Every structure is written in structure tokens, then in C-alpha cells.
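Okay, final-v2.txt now, which holds compact mmCIF, C-alpha atoms:
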```txt
# COMPACT_ATOMS: atom_id res chain seq x y z
CA MET A 161 147.69 88.08 197.08
CA LEU A 162 144.90 90.67 197.37
CA ILE A 163 145.21 92.92 200.44
CA THR A 164 142.19 94.90 201.67
CA LYS A 165 141.65 97.07 204.70
CA CYS A 166 139.76 94.35 206.56
CA SER A 167 141.39 91.15 205.43
CA ILE A 168 144.17 89.40 203.60
CA VAL A 169 143.22 87.02 200.80
CA ILE A 170 145.73 84.41 199.68
CA LYS A 171 145.02 83.23 196.14
CA MET A 172 145.82 79.54 195.63
CA ALA A 173 146.39 77.69 192.36
CA MET A 174 143.29 75.51 191.96
CA SER A 175 142.13 73.25 189.15
CA ALA A 176 139.86 74.58 186.41
CA SER A 177 137.43 71.71 187.05
CA ALA A 178 136.75 73.02 190.54
CA GLN A 179 135.36 76.21 189.01
CA LEU A 180 132.60 74.34 187.18
CA SER A 181 129.16 74.82 188.70
CA LYS A 182 128.34 72.08 191.19
CA VAL A 183 124.73 73.35 191.21
CA VAL A 184 124.37 72.57 187.51
CA LYS A 185 125.94 69.14 188.04
CA ARG A 186 123.52 68.35 190.87
CA GLN A 187 120.43 68.44 188.63
CA TYR A 188 121.91 65.62 186.56
CA MET A 189 123.10 63.58 189.53
CA GLU A 190 119.56 63.64 190.91
CA LEU A 191 118.07 62.05 187.78
CA PRO A 192 116.68 58.53 188.34
CA GLN A 193 118.81 55.67 187.02
CA GLY A 194 116.25 52.85 187.08
CA ASP A 195 117.64 49.45 188.01
CA ASN A 196 121.04 50.27 186.55
CA VAL A 197 124.10 50.61 188.77
CA GLN A 198 127.32 52.50 188.10
CA ALA A 199 130.36 50.55 189.31
CA MET A 200 133.62 52.48 189.47
CA TYR A 201 136.56 50.07 189.13
CA ILE A 202 139.71 51.27 190.95
CA TRP A 203 143.24 49.95 190.63
CA ILE A 204 146.88 50.72 191.50
CA ASP A 205 148.93 51.75 188.49
CA GLY A 206 152.51 50.93 187.54
CA THR A 207 154.03 53.53 189.87
CA GLY A 208 152.87 51.53 192.88
CA GLU A 209 151.28 54.62 194.41
CA GLY A 210 149.03 56.18 191.78
CA LEU A 211 145.38 55.19 191.46
CA ARG A 212 143.28 54.87 188.30
CA CYS A 213 139.55 54.34 187.81
CA LYS A 214 136.85 53.86 185.20
CA THR A 215 133.12 53.13 185.34
CA ARG A 216 130.81 50.53 183.83
CA THR A 217 127.04 50.01 183.98
CA LEU A 218 125.60 46.92 185.67
CA ASP A 219 122.02 45.70 185.15
CA SER A 220 121.37 45.29 188.88
CA GLU A 221 122.95 46.05 192.24
CA PRO A 222 125.77 43.61 193.10
CA LYS A 223 125.46 42.04 196.53
CA SER A 224 128.96 40.56 196.69
CA ILE A 225 132.27 40.50 194.85
CA GLU A 226 131.13 37.39 193.02
CA ASP A 227 128.42 39.44 191.29
CA LEU A 228 130.98 41.74 189.67
CA PRO A 229 132.45 40.89 186.25
CA GLU A 230 136.13 41.03 185.41
CA TRP A 231 137.14 43.90 183.17
CA ASN A 232 140.23 45.10 181.32
CA PHE A 233 142.16 48.27 180.50
CA ASP A 234 145.07 49.59 178.45
CA GLY A 235 148.16 48.97 180.56
CA SER A 236 150.42 50.88 178.16
CA SER A 237 148.80 54.10 179.42
CA THR A 238 149.27 53.28 183.14
CA TYR A 239 152.97 52.27 183.12
CA GLN A 240 152.00 48.59 183.28
CA SER A 241 152.59 47.14 179.81
CA GLU A 242 153.86 47.80 176.30
CA GLY A 243 151.54 48.99 173.55
CA SER A 244 152.05 45.81 171.54
CA ASN A 245 150.51 43.70 174.32
CA SER A 246 148.62 46.18 176.44
CA ASP A 247 145.45 44.47 177.72
CA MET A 248 145.44 44.02 181.52
CA TYR A 249 142.75 42.33 183.60
CA LEU A 250 140.84 43.95 186.46
CA ILE A 251 139.79 41.41 189.10
CA PRO A 252 137.21 42.78 191.59
CA SER A 253 138.55 42.25 195.13
CA ALA A 254 136.65 44.55 197.50
CA MET A 255 133.41 46.51 197.16
CA PHE A 256 132.28 49.71 198.90
CA ARG A 257 129.34 52.09 198.65
CA ASP A 258 129.97 55.05 196.35
CA PRO A 259 129.82 58.32 198.34
CA PHE A 260 129.93 60.46 195.17
CA ARG A 261 127.13 58.86 193.15
CA LYS A 262 125.49 57.36 196.26
CA ASP A 263 123.45 54.15 196.57
CA PRO A 264 123.04 51.81 194.81
CA ASN A 265 126.30 52.67 193.01
CA LYS A 266 129.60 51.05 194.01
CA LEU A 267 133.33 51.54 194.31
CA VAL A 268 135.18 48.37 193.29
CA LEU A 269 138.82 47.90 194.29
CA CYS A 270 140.56 45.57 191.85
CA GLU A 271 143.69 43.50 191.53
CA VAL A 272 145.57 43.81 188.24
CA LEU A 273 146.67 40.75 186.26
CA LYS A 274 148.87 40.74 183.18
CA TYR A 275 147.96 39.16 179.84
CA ASN A 276 149.16 35.76 181.16
CA ARG A 277 146.94 36.04 184.27
CA LYS A 278 149.95 36.58 186.55
CA PRO A 279 149.90 39.51 189.02
CA ALA A 280 151.20 42.82 187.71
CA GLU A 281 154.45 44.01 189.28
CA THR A 282 152.66 46.49 191.55
CA ASN A 283 149.90 44.04 192.53
CA HIS A 284 151.09 43.24 196.05
CA ARG A 285 147.62 42.21 197.16
CA ARG A 286 147.91 38.72 195.71
CA THR A 287 150.92 37.65 197.83
CA CYS A 288 149.67 39.59 200.86
CA LYS A 289 146.40 37.66 200.80
CA LYS A 290 148.27 34.35 200.58
CA ILE A 291 150.46 35.25 203.55
CA MET A 292 147.48 36.45 205.60
CA GLU A 293 145.65 33.16 204.99
CA MET A 294 148.64 31.24 206.34
CA ILE A 295 148.34 32.86 209.78
CA ASP A 296 144.66 33.81 209.98
CA HIS A 297 144.25 31.70 213.15
CA GLN A 298 146.41 34.28 214.95
CA ILE A 299 143.86 37.01 214.12
CA PRO A 300 146.23 39.82 213.07
CA TRP A 301 144.87 43.33 213.55
CA PHE A 302 146.28 46.43 211.90
CA GLY A 303 145.65 50.13 212.17
CA MET A 304 147.40 52.62 209.87
CA GLU A 305 147.84 56.35 210.43
CA GLN A 306 147.86 58.01 207.01
CA GLU A 307 149.51 61.42 206.87
CA TYR A 308 149.12 63.66 203.81
CA THR A 309 149.60 67.25 202.70
CA ILE A 310 147.06 69.43 200.91
CA LEU A 311 148.65 71.29 197.98
CA GLY A 312 147.55 73.73 195.32
CA THR A 313 147.76 72.48 191.73
CA ASP A 314 151.15 74.23 191.49
CA GLY A 315 152.53 72.04 194.31
CA HIS A 316 152.51 74.86 196.88
CA PRO A 317 151.11 73.88 200.31
CA PHE A 318 147.51 74.98 200.76
CA GLY A 319 147.18 78.22 202.73
CA TRP A 320 150.90 79.02 202.76
CA PRO A 321 151.96 82.52 201.69
CA SER A 322 152.82 82.51 197.99
CA ASN A 323 156.24 84.09 198.55
CA GLY A 324 157.20 82.80 201.95
CA PHE A 325 156.46 80.46 204.81
CA PRO A 326 153.93 80.33 207.63
CA GLY A 327 155.05 80.62 211.24
CA PRO A 328 157.24 77.80 212.59
CA GLN A 329 155.80 74.46 213.69
CA GLY A 330 154.20 74.37 217.10
CA PRO A 331 150.60 75.65 216.99
CA TYR A 332 149.33 73.49 214.11
CA TYR A 333 149.17 69.94 215.53
CA CYS A 334 145.50 69.31 216.41
CA GLY A 335 145.11 73.06 215.97
CA VAL A 336 141.86 75.01 215.85
CA GLY A 337 141.34 78.32 214.09
CA ALA A 338 141.79 79.80 210.63
CA ASP A 339 145.44 80.65 211.34
CA LYS A 340 146.25 77.09 212.47
CA ALA A 341 144.07 74.62 210.52
CA TYR A 342 144.47 74.83 206.74
CA GLY A 343 141.89 72.97 204.66
CA ARG A 344 139.56 71.45 207.25
CA ASP A 345 136.67 71.37 204.73
CA VAL A 346 138.58 68.72 202.76
CA VAL A 347 139.16 66.70 205.93
CA GLU A 348 135.53 66.78 207.04
CA ALA A 349 134.23 65.88 203.57
CA HIS A 350 136.68 62.98 203.32
CA TYR A 351 135.78 61.65 206.78
CA ARG A 352 132.05 61.62 206.05
CA ALA A 353 132.56 60.11 202.58
CA CYS A 354 134.63 57.27 204.09
CA LEU A 355 131.95 56.55 206.70
CA TYR A 356 129.31 56.42 203.98
CA ALA A 357 131.44 54.10 201.84
CA GLY A 358 131.99 51.65 204.69
CA VAL A 359 135.70 52.37 205.08
CA LYS A 360 136.87 51.67 208.64
CA ILE A 361 138.12 55.21 209.23
CA CYS A 362 138.46 55.74 212.97
CA GLY A 363 139.79 59.27 213.40
CA THR A 364 141.53 62.33 212.00
CA ASN A 365 143.63 65.27 213.18
CA ALA A 366 145.69 68.21 211.95
CA GLU A 367 149.40 67.41 211.86
CA VAL A 368 152.57 69.25 212.91
CA MET A 369 153.20 70.99 209.58
CA PRO A 370 150.50 73.44 208.44
CA ALA A 371 148.34 71.99 205.59
CA GLN A 372 149.33 68.50 206.72
CA TRP A 373 146.67 66.16 208.10
CA GLU A 374 146.27 62.57 209.21
CA PHE A 375 143.45 60.06 209.18
CA GLN A 376 143.47 56.65 210.82
CA VAL A 377 142.00 53.43 209.43
CA GLY A 378 141.43 50.33 211.54
CA PRO A 379 141.39 48.06 213.31
CA CYS A 380 141.28 45.84 210.24
CA GLU A 381 141.99 42.14 210.14
CA GLY A 382 144.40 40.70 207.59
CA ILE A 383 144.01 41.69 203.94
CA SER A 384 141.21 44.17 204.69
CA MET A 385 143.78 46.66 206.03
CA GLY A 386 145.19 47.25 202.58
CA ASP A 387 141.75 47.27 200.97
CA HIS A 388 140.36 49.91 203.30
CA LEU A 389 143.41 52.18 203.21
CA TRP A 390 143.65 52.18 199.42
CA VAL A 391 139.95 53.03 199.08
CA ALA A 392 140.32 55.77 201.73
CA ARG A 393 143.15 57.23 199.65
CA PHE A 394 141.04 57.06 196.50
CA ILE A 395 138.17 58.86 198.23
CA LEU A 396 140.59 61.55 199.44
CA HIS A 397 141.87 62.13 195.90
CA ARG A 398 138.28 62.43 194.63
CA VAL A 399 137.28 64.84 197.39
CA CYS A 400 140.33 66.99 196.67
CA GLU A 401 139.44 66.90 192.98
CA ASP A 402 136.05 68.43 193.82
CA PHE A 403 137.72 71.16 195.89
CA GLY A 404 140.32 71.85 193.21
CA VAL A 405 143.31 70.93 195.36
CA VAL A 406 145.76 68.03 195.52
CA ALA A 407 146.43 65.42 198.23
CA SER A 408 150.12 64.54 198.37
CA PHE A 409 151.50 61.43 200.06
CA ASP A 410 155.10 62.50 199.48
CA PRO A 411 157.12 61.52 202.59
CA LYS A 412 158.92 64.89 202.64
CA PRO A 413 156.94 67.41 200.59
CA ILE A 414 158.78 70.46 201.95
CA PRO A 415 162.53 70.24 202.65
CA GLY A 416 164.03 71.87 205.70
CA ASN A 417 162.70 72.27 209.22
CA TRP A 418 159.27 70.82 208.50
CA ASN A 419 157.86 67.42 209.45
CA GLY A 420 157.62 64.72 206.82
CA ALA A 421 154.64 62.42 206.25
CA GLY A 422 154.48 58.79 207.32
CA CYS A 423 152.01 55.96 207.65
CA HIS A 424 152.65 54.59 211.14
CA THR A 425 151.40 51.02 211.34
CA ASN A 426 149.95 49.49 214.50
CA PHE A 427 150.02 45.72 214.74
CA SER A 428 148.83 43.03 217.14
CA THR A 429 147.83 39.39 217.26
CA LYS A 430 145.43 37.56 219.55
CA GLU A 431 148.36 36.52 221.74
CA MET A 432 149.64 40.10 222.04
CA ARG A 433 146.21 41.34 223.10
CA GLU A 434 145.87 38.77 225.90
CA ASP A 435 147.37 38.95 229.41
CA GLY A 436 151.13 38.76 229.28
CA GLY A 437 151.17 39.66 225.59
CA LEU A 438 154.06 42.09 226.09
CA LYS A 439 156.47 39.14 225.90
CA CYS A 440 155.21 38.34 222.42
CA ILE A 441 155.49 42.02 221.43
CA GLU A 442 159.10 42.15 222.64
CA ALA A 443 159.92 38.94 220.74
CA CYS A 444 158.52 40.47 217.53
CA ILE A 445 160.52 43.65 218.02
CA ASP A 446 163.68 41.56 218.41
CA LYS A 447 162.92 39.84 215.08
CA LEU A 448 162.25 43.19 213.38
CA GLY A 449 165.58 44.56 214.59
CA LYS A 450 167.41 41.73 212.83
CA ARG A 451 165.63 42.44 209.53
CA HIS A 452 165.68 46.23 209.38
CA ASN A 453 166.95 46.55 205.80
CA TYR A 454 164.25 44.24 204.43
CA HIS A 455 161.53 46.34 206.03
CA ILE A 456 163.00 49.64 204.86
CA ARG A 457 162.89 48.33 201.28
CA ALA A 458 159.25 47.22 201.70
CA TYR A 459 158.08 50.46 203.33
CA ASP A 460 158.04 52.78 200.33
CA PRO A 461 157.44 52.18 196.60
CA LYS A 462 161.02 53.14 195.69
CA GLY A 463 162.73 50.61 197.93
CA GLY A 464 163.66 53.08 200.65
CA LEU A 465 164.73 56.05 198.52
CA ASP A 466 161.61 58.07 199.37
CA ASN A 467 161.90 57.32 203.06
CA ALA A 468 165.55 58.38 203.10
CA ARG A 469 164.36 61.98 202.79
CA ARG A 470 162.07 61.53 205.80
CA LEU A 471 163.81 59.15 208.23
CA THR A 472 166.64 61.44 209.29
CA GLY A 473 166.49 61.09 213.06
CA HIS A 474 164.83 64.49 213.29
CA HIS A 475 161.20 65.68 213.21
CA GLU A 476 159.85 62.71 215.21
CA THR A 477 161.57 60.06 213.09
CA SER A 478 164.27 57.45 213.57
CA ASN A 479 167.40 57.27 211.43
CA ILE A 480 166.88 55.10 208.36
CA HIS A 481 170.21 53.34 208.92
CA GLU A 482 169.53 52.36 212.54
CA PHE A 483 166.90 50.27 214.32
CA SER A 484 165.54 51.35 217.69
CA ALA A 485 162.58 50.70 219.96
CA GLY A 486 161.19 52.28 223.09
CA VAL A 487 158.15 52.98 225.23
CA ALA A 488 156.36 56.19 224.19
CA ASN A 489 159.39 57.16 222.06
CA ARG A 490 158.35 58.90 218.84
CA GLY A 491 161.96 59.05 217.71
CA ALA A 492 162.25 55.26 217.58
CA SER A 493 161.67 52.78 214.75
CA ILE A 494 159.19 50.89 216.92
CA ARG A 495 157.12 52.56 219.64
CA ILE A 496 155.43 50.66 222.44
CA PRO A 497 152.55 52.86 223.69
CA ARG A 498 152.82 53.72 227.38
CA THR A 499 149.51 52.03 228.19
CA VAL A 500 150.81 48.82 226.60
CA GLY A 501 153.91 48.96 228.77
CA GLN A 502 151.75 49.42 231.85
CA GLU A 503 149.15 46.75 231.04
CA LYS A 504 151.73 44.27 229.65
CA LYS A 505 149.57 43.58 226.58
CA GLY A 506 148.24 45.25 223.44
CA TYR A 507 150.11 46.24 220.28
CA PHE A 508 153.17 48.02 218.91
CA GLU A 509 153.59 50.81 216.36
CA ASP A 510 156.04 50.59 213.46
CA ARG A 511 156.85 54.23 212.65
CA ARG A 512 159.00 53.53 209.58
CA PRO A 513 156.45 53.16 206.71
CA SER A 514 156.29 56.21 204.45
CA ALA A 515 153.08 58.07 203.62
CA ASN A 516 153.17 56.65 200.08
CA CYS A 517 153.76 53.04 201.17
CA ASP A 518 151.73 50.14 199.83
CA PRO A 519 149.79 48.85 202.85
CA TYR A 520 149.73 45.36 201.35
CA ALA A 521 153.54 45.32 201.26
CA VAL A 522 153.84 46.74 204.78
CA THR A 523 151.41 44.35 206.45
CA GLU A 524 152.81 41.37 204.55
CA ALA A 525 156.35 42.23 205.67
CA LEU A 526 155.26 42.42 209.32
CA ILE A 527 153.61 38.99 209.12
CA ARG A 528 156.57 37.40 207.38
CA THR A 529 159.04 38.61 210.00
CA CYS A 530 156.96 38.50 213.19
CA LEU A 531 154.79 35.41 212.67
CA LEU A 532 156.49 33.31 209.98
CA ASP A 533 159.95 33.90 211.51
CA GLU A 534 161.57 34.74 208.19
CA GLU A 535 165.15 36.02 208.25
CA GLY A 536 167.47 37.72 205.77
CA ASP A 537 166.93 40.43 203.18
CA GLU A 538 164.61 38.51 200.83
CA PRO A 539 161.07 37.14 201.33
CA VAL A 540 160.53 33.39 201.34
CA ASP A 541 158.65 31.94 198.36
CA TYR A 542 155.96 29.61 199.73
```
Would you mind writing the file out in C-alpha cells?
Amino acid sequence: MLITKCSIVIKMAMSASAQLSKVVKRQYMELPQGDNVQAMYIWIDGTGEGLRCKTRTLDSEPKSIEDLPEWNFDGSSTYQSEGSNSDMYLIPSAMFRDPFRKDPNKLVLCEVLKYNRKPAETNHRRTCKKIMEMIDHQIPWFGMEQEYTILGTDGHPFGWPSNGFPGPQGPYYCGVGADKAYGRDVVEAHYRACLYAGVKICGTNAEVMPAQWEFQVGPCEGISMGDHLWVARFILHRVCEDFGVVASFDPKPIPGNWNGAGCHTNFSTKEMREDGGLKCIEACIDKLGKRHNYHIRAYDPKGGLDNARRLTGHHETSNIHEFSAGVANRGASIRIPRTVGQEKKGYFEDRRPSANCDPYAVTEALIRTCLLDEEGDEPVDY
């Protein structure tokens, strides 16, 4: 830390790549590319939470997913296969505008298939899509609130003193000012990049812990919820890469008296949104209460182990071992917004999913329990 008479400068650990001249890079990015298009293929790796990408050249601009070719990659380097049989298939599933290379270039979210054309273990999109198609007449809407923490490359929260802690929680939530909002440039760049890409980002705010932020995606119908949230996460990682910092989705990045990070999931159907829909909401909550353990396992990539550090009953969370619900209660498993309680229709919020959850797994679990009336600790094989 460099202390001067007029100011205090906190030196953060940042990536070497961030020090490269962006001015020099710009002269190359402005070169014409003719009719060629760069398509960046994106996929979820074997951890269930990490993202990978690589780029190929297309002869013309694709207008739909059908215009995009399948591709492959080395799964032995992404925790998805052994070296002796490492080829994995990339199946284009959703396409967005590329906010980094700009039009006509594309971001292409892909499913991963194994050598035998079966879904990879962390490809939850395939079953989620099947489940969503079974109940599409009920028009399920989702909105997910993605919390994350900005870190230096050494894992230290951005803007925190190198040998200590900032002031206690209180002034940071939706805070304004250099001593309350840490890293807003990242947030603003990410927001605009998502809008450009076509991601249904609908808001953002500073969170309770300093250097922690949240963005919201939705409303999205069915499978598009997972598509849009995963691409929003990818864009965030790329923006942070440019700034030389790291976006962490760890559910409890800092132990102690600091808030964790979740991905609260708002859910409704056509019936819930119509007059008298509160009865349907209450019926769904009753079903969720009887299947709490199944949902806890589905709500983080480690089967509940990550969330166990976050869902303690403190810091605006419920206890991982108990199910609860209430109106305007941020310490409950399920929150019914006060306006929904007053209007007797709308949606409910499941506050259990962790920040590093797979949105395909979360939304699929909600449909299975609430609309397909599944019971027990295991999903039904249709």
C-alpha cells in the first residue's frame, strides 16, 4: 500500500494480461474481416461450474442455430474424459451477439456430448429441455438473481485492505461512493455487454458485502433461463479478464461475519400470475417442503456441500437442514414477496440455490416438484 499526503492507494494483485496495451489491440480489432465471422463456442466443463471457449471462422453470418456446425474438443483437458478417448462434441444450442468482437461475430453456447453421443455428466441442459417441453403449456417464467464477488488474482476481495478488513457490513448494499462501491466499472461494463449480446439482464446492484455485486436475468421462459444466465456469467468472466480481476461465484468466499453469495430463483406459471394464483403458489411451496433434501442436492454443483457453508440461518439465509417459507422473509427457504401476498397472485422466490449453481439443474428441479408432482429424493426418469 502506497501512502501519500493526499491519498491512500491500495495495490491489488491483477493479471499480467490486463497490463497489455488495449490501445495497441484496438488497431487490430478495427481491421475489416470481409464476409468472415468469428464464432466463439462456449461450454460448461467437467467441474459443472467452469466455462471454456474456443473460436472458429465461418464463411458467412449465421442467422440461426441450424446454421452453426458441430465441433469438438479435447475432453481430457477439461475434466470430461480420459486421454485415450478424449474427443467430445460441441452441439450449438443458443446464439448471442459478441460484445467483445462486435457484429457480425457470435457467442455460441453449446451442449457437450461424449464420444457415444450421450450427454456429458455436467450437461444438464439436455434433461432440462426435455422437462421444460413436457410442461410448456403452463408457460413457466424464471428470474435469477446472480450474486458474485470481485477478487484480485490472489483471491483477496477487490478494494479490501491488504492486511485487514473494511468496515462492517451496513453501508455497502446499493451503496454509492468510492468508500462503499468497490469495482463499479466492472459492473457497468458487464451490464452494457449483456445488453449488446441480447442477454435478458434486467438489473444490477451492489450487495451487502463490499466487493460483492448482483445482477438479475429474466423473466425467461423455460430452457432460455439457463442459456441466458450461463452466457451472462461467461461475459462477466471475460469483462473481468479485461480488467485484470476475477469474478468468484463461491457461495461463501470470506468466512466469518460476511454475507455469502446465492442465486435466488423466482418462479411462476400462467396460473400463478392470474387472479387467485396465490393458492397455486402455496400448493407448490407445500410440495417443495416435502422434497427439501432433493432440492438442496440440486442447488449447487457439489450436491449441497458448497451451500452448507452459506445456508447457516444467518446473514439472510435459511438453515440448510430446515425448510421454511414466509411473506417478505429473507431468512426463509421460500419467500413470498409482500406484493404477491397482497394481490393474491404472482410468483415466489426460492432463496436456496448457491451462486455457483447450474441454472438448468435448478429450474428443472422446480418443474419436477411443482408441476410434475414428483416425490422422493430422486428424479423420475421419463
Atom pair atom CA of A:Glu374 / atom CA of A:Glu305: separation (Å):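 The value is 6.5 Å.
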Between atom CA of A:Gly473 and atom CA of A:Gly420 - distance in Å to one decimal: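 Pair atom CA of A:Gly420 / atom CA of A:Gly473 returns 11.4 Å.
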Exercise: stretch 284-294 of chain A partners within 8 Å, all atoms listed in the file, chain neighbours under 6 positions left out, as a ChimeraX atom specification: /A:271,382-383,386,518,520-521,523-524,527-528
For atom CA of A:Asn245 and atom CA of A:Arg212, the interatomic separation in Å (one decimal):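 Separating atom CA of A:Asn245 from atom CA of A:Arg212 is a distance of 19.3 Å.
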Mind dumping a table of every stretch 278-342 of chain A residue within 12 Å of stretch 240-244 of chain A, with the nearest atom pair and its distance in Å to one decimal, using all atoms listed in the file, sorted by chain and rising number, as a tab-separated table?
```
residue	atom	partner	partner_atom	distance
A:Pro279	CA	A:Gln240	CA	10.9
A:Ala280	CA	A:Gln240	CA	7.3
A:Glu281	CA	A:Gln240	CA	7.9
A:Thr282	CA	A:Gln240	CA	8.6
A:Asn283	CA	A:Gln240	CA	10.5
```
Counting all atoms listed in the file, the residue of A:Asn419, A:Pro192, A:Met172, A:Asp460 that sits nearest A:Asn323: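 When distances to A:Asn323 are compared using all atoms listed in the file, the smallest one comes from A:Met172.
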10 Å contact set for A:Ser493, all atoms listed in the file, chain neighbours under 6 positions out, as a PyMOL selection string: chain A and resi 424+445+448-449+452+471+473+477-480+482-486+509-513
